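Heads up: the structure comes next, in structure tokens.
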Amino acid sequence: MAAMKTLEKPTAPDAEAKKARAAQRKARLQKQEEANRVTFALQGDVRRHIAAQAKAEGMDMGHFMQKLVENHVLATAPADDPLARRIAARRAVIDAAVTRAKELDAAGKFEPHFILSVMKSLAAEPEFRDTYAVAVGDTGEQPKRAARERVALNQQLGRLVKRAAGARSARDEKGKIQRAQVQDEMISSYTLLAKPA
């Protein structure tokens with residue numbers, strides 16, 4: 001009779017090693033983010049002028065300045081440039097989300113899960129899903145990079161949807177911002193919203 005060999009279950013990764021890898025990954029991502037940040041000073045009159053334009057477009061100053069730089073890239077890059085295509089797609093996604101948020105809010109459909117409602121509404125449209133995939137670089141070749149781009153875009157979408165609806169972050173009785181998580185949606189987490197009293 002042949003001897004039977006029992007297979008041992010693989011052991012779970014050492015908790016400390018897992019924590020160390022997570023800390024290294026977080027530090028690496030933070031370093032990359034800091035390397036991408038640009039700081040410079042503006043003359044007071046220039047800052048006030050730009051701040052007024054940003055406010056008129058419903059944007060904070062940082063996003064408005066980012067848009068100005070992206071406009072330069074779009075104006076100077078070749079038409080088939082992948083970066084220019086991603087920027088144009090990102091702009092289309094943002095514009096669609098802001099427009100849809102305003103439409104749903106005007107139709108009286110605001111509720112605490114408004115960010116999710118806006119994104120679900122848009123995700124139902126194949127053209128929007130295709131544009132979103134281009135915006136985050138979701139080609140299947142670099143899934144980790146696409147995941148990072150998705151997180152950054154979704155965070156920006158959440159802030160802009162909130163602003164478009166004239167809402168604020170909902171807070172619990174202790175003053176902590178309330179968040180929700182979902183699965184199988186274009187976004188995985190979002191802030192619950194409330195209208196100012």
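Ligands are numbered from 1 in the order shown, residues from 1 within each chain, and chains are lettered A, B, ... in the order they appear in the structure tokens.
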Q: Would you list the contacts of range 57-60 of chain A as a list in words, taking every protein, DNA or RNA residue within 8 Å and counting only C-alpha atoms, but skipping same-chain residues closer than 3 positions in sequence?
A: Ala51, Gln53, Ala54, His63, Phe64, Leu160, Arg163 and Ala164 of chain A
Just write the chosen residues, N, CA and C atoms, as a tab-separated table (two decimals), in the first residue's frame.
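Result file is result19.tsv:
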```
chain	number	residue	atom	x	y	z
A	51	ALA	N	-8.04	82.98	-7.46
A	51	ALA	CA	-9.00	82.48	-6.46
A	51	ALA	C	-10.43	82.80	-6.87
A	53	GLN	N	-11.53	83.23	-9.97
A	53	GLN	CA	-11.86	82.38	-11.10
A	53	GLN	C	-12.16	80.95	-10.65
A	54	ALA	N	-11.35	80.46	-9.71
A	54	ALA	CA	-11.57	79.11	-9.19
A	54	ALA	C	-12.94	79.02	-8.53
A	63	HIS	N	-7.10	72.67	-7.34
A	63	HIS	CA	-7.63	72.00	-8.53
A	63	HIS	C	-7.64	72.94	-9.73
A	64	PHE	N	-7.93	74.22	-9.48
A	64	PHE	CA	-7.94	75.18	-10.58
A	64	PHE	C	-6.55	75.34	-11.16
A	160	LEU	N	-15.82	67.15	-5.66
A	160	LEU	CA	-16.51	68.01	-6.62
A	160	LEU	C	-18.01	67.76	-6.63
A	163	ARG	N	-19.35	69.58	-3.63
A	163	ARG	CA	-19.42	71.02	-3.87
A	163	ARG	C	-20.54	71.36	-4.85
A	164	ALA	N	-20.72	70.55	-5.89
A	164	ALA	CA	-21.77	70.81	-6.88
A	164	ALA	C	-23.16	70.78	-6.25
```
**Q.** range 43-101 of chain A: residues DSSP assigns to helix (DSSP H, G or I), reported as number ranges by chain
**A.** A: 44-56, 61-76, 82-101
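Closest to Leu157 in chain A among A:Thr191, A:Gln178, A:Thr76, A:Thr139 is A:Thr191, based on only C-alpha atoms.
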Q. Could you name the residues that touch Phe114 in chain A at 9 Å or less, counting only C-alpha atoms, but leaving out those on the same chain fewer than 2 positions away, as number ranges by chain?
A. A: 101, 104-105, 109-112, 116-119, 161-162, 165, 192-193
Selection above as a file: N, CA, C and O atoms, as a short mmCIF file (atom, residue, chain, number, x, y, z; two decimals), in the first residue's frame:
```
data_model
loop_
_atom_site.label_atom_id
_atom_site.label_comp_id
_atom_site.auth_asym_id
_atom_site.auth_seq_id
_atom_site.Cartn_x
_atom_site.Cartn_y
_atom_site.Cartn_z
N ALA A 101 -24.36 65.61 -10.85
CA ALA A 101 -24.65 65.98 -9.46
C ALA A 101 -25.61 67.16 -9.41
O ALA A 101 -26.56 67.16 -8.62
N LEU A 104 -29.16 65.88 -10.53
CA LEU A 104 -29.84 65.08 -9.51
C LEU A 104 -30.24 65.92 -8.30
O LEU A 104 -31.32 65.73 -7.73
N ASP A 105 -29.38 66.86 -7.94
CA ASP A 105 -29.71 67.73 -6.81
C ASP A 105 -30.91 68.60 -7.16
O ASP A 105 -31.83 68.75 -6.35
N LYS A 109 -33.11 64.78 -5.65
CA LYS A 109 -32.64 63.43 -5.35
C LYS A 109 -31.44 63.40 -4.41
O LYS A 109 -30.76 62.38 -4.29
N PHE A 110 -31.18 64.51 -3.74
CA PHE A 110 -30.07 64.53 -2.78
C PHE A 110 -30.42 63.66 -1.57
O PHE A 110 -31.54 63.70 -1.07
N GLU A 111 -29.45 62.88 -1.13
CA GLU A 111 -29.59 62.06 0.08
C GLU A 111 -28.18 61.78 0.59
O GLU A 111 -27.21 62.12 -0.08
N PRO A 112 -28.02 61.19 1.77
CA PRO A 112 -26.68 61.01 2.34
C PRO A 112 -25.71 60.25 1.44
O PRO A 112 -24.51 60.52 1.44
N LEU A 116 -22.40 58.19 -4.13
CA LEU A 116 -22.62 56.87 -4.73
C LEU A 116 -23.72 56.93 -5.78
O LEU A 116 -23.59 56.35 -6.86
N SER A 117 -24.80 57.65 -5.50
CA SER A 117 -25.91 57.76 -6.45
C SER A 117 -25.45 58.37 -7.77
O SER A 117 -25.82 57.90 -8.84
N VAL A 118 -24.66 59.43 -7.68
CA VAL A 118 -24.15 60.09 -8.89
C VAL A 118 -23.28 59.11 -9.67
O VAL A 118 -23.44 58.96 -10.89
N MET A 119 -22.37 58.42 -8.99
CA MET A 119 -21.45 57.52 -9.67
C MET A 119 -22.18 56.31 -10.26
O MET A 119 -21.85 55.86 -11.37
N VAL A 161 -18.44 66.52 -6.45
CA VAL A 161 -19.87 66.22 -6.35
C VAL A 161 -20.45 66.89 -5.11
O VAL A 161 -21.53 67.49 -5.16
N LYS A 162 -19.72 66.82 -4.01
CA LYS A 162 -20.17 67.47 -2.77
C LYS A 162 -20.34 68.98 -3.00
O LYS A 162 -21.36 69.55 -2.64
N ALA A 165 -23.33 69.94 -5.23
CA ALA A 165 -24.63 69.84 -4.56
C ALA A 165 -24.76 70.85 -3.42
O ALA A 165 -25.81 70.91 -2.78
N LEU A 192 -20.36 60.30 3.38
CA LEU A 192 -21.79 60.59 3.41
C LEU A 192 -21.95 62.11 3.45
O LEU A 192 -21.12 62.81 4.01
N LEU A 193 -23.01 62.61 2.83
CA LEU A 193 -23.22 64.04 2.72
C LEU A 193 -24.47 64.51 3.44
O LEU A 193 -25.39 63.72 3.67
#
```
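The shortest atom-to-atom distance to Arg148 in chain A, with only C-alpha atoms taken into account, belongs to A:Glu33 out of A:Glu125, A:Asp14, A:Asp95, A:Glu33.
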Q | Point-to-point distance from CA of Arg91 in chain A to CA of Lys67 in chain A, Å rounded to tenths | A | 8.9 Å
(Q) With DSSP run on the backbone, what are the strand (DSSP E or B) residues within range 4-194 of chain A? I'd like them as a PyMOL selection string. (A) chain A and resi 168-169+171+177+179-181+189-191+193-194
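Nearest residue to Gly62 in chain A among A:Arg37, A:Lys144, A:Lys174, A:Arg85 is A:Arg37, counting only C-alpha atoms.
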Q.
Which residue is closest to Arg90 in chain A? Choose from A:Ala17, A:Leu68, A:Ile177, A:Ala133 and count only C-alpha atoms.
A. A:Ala133
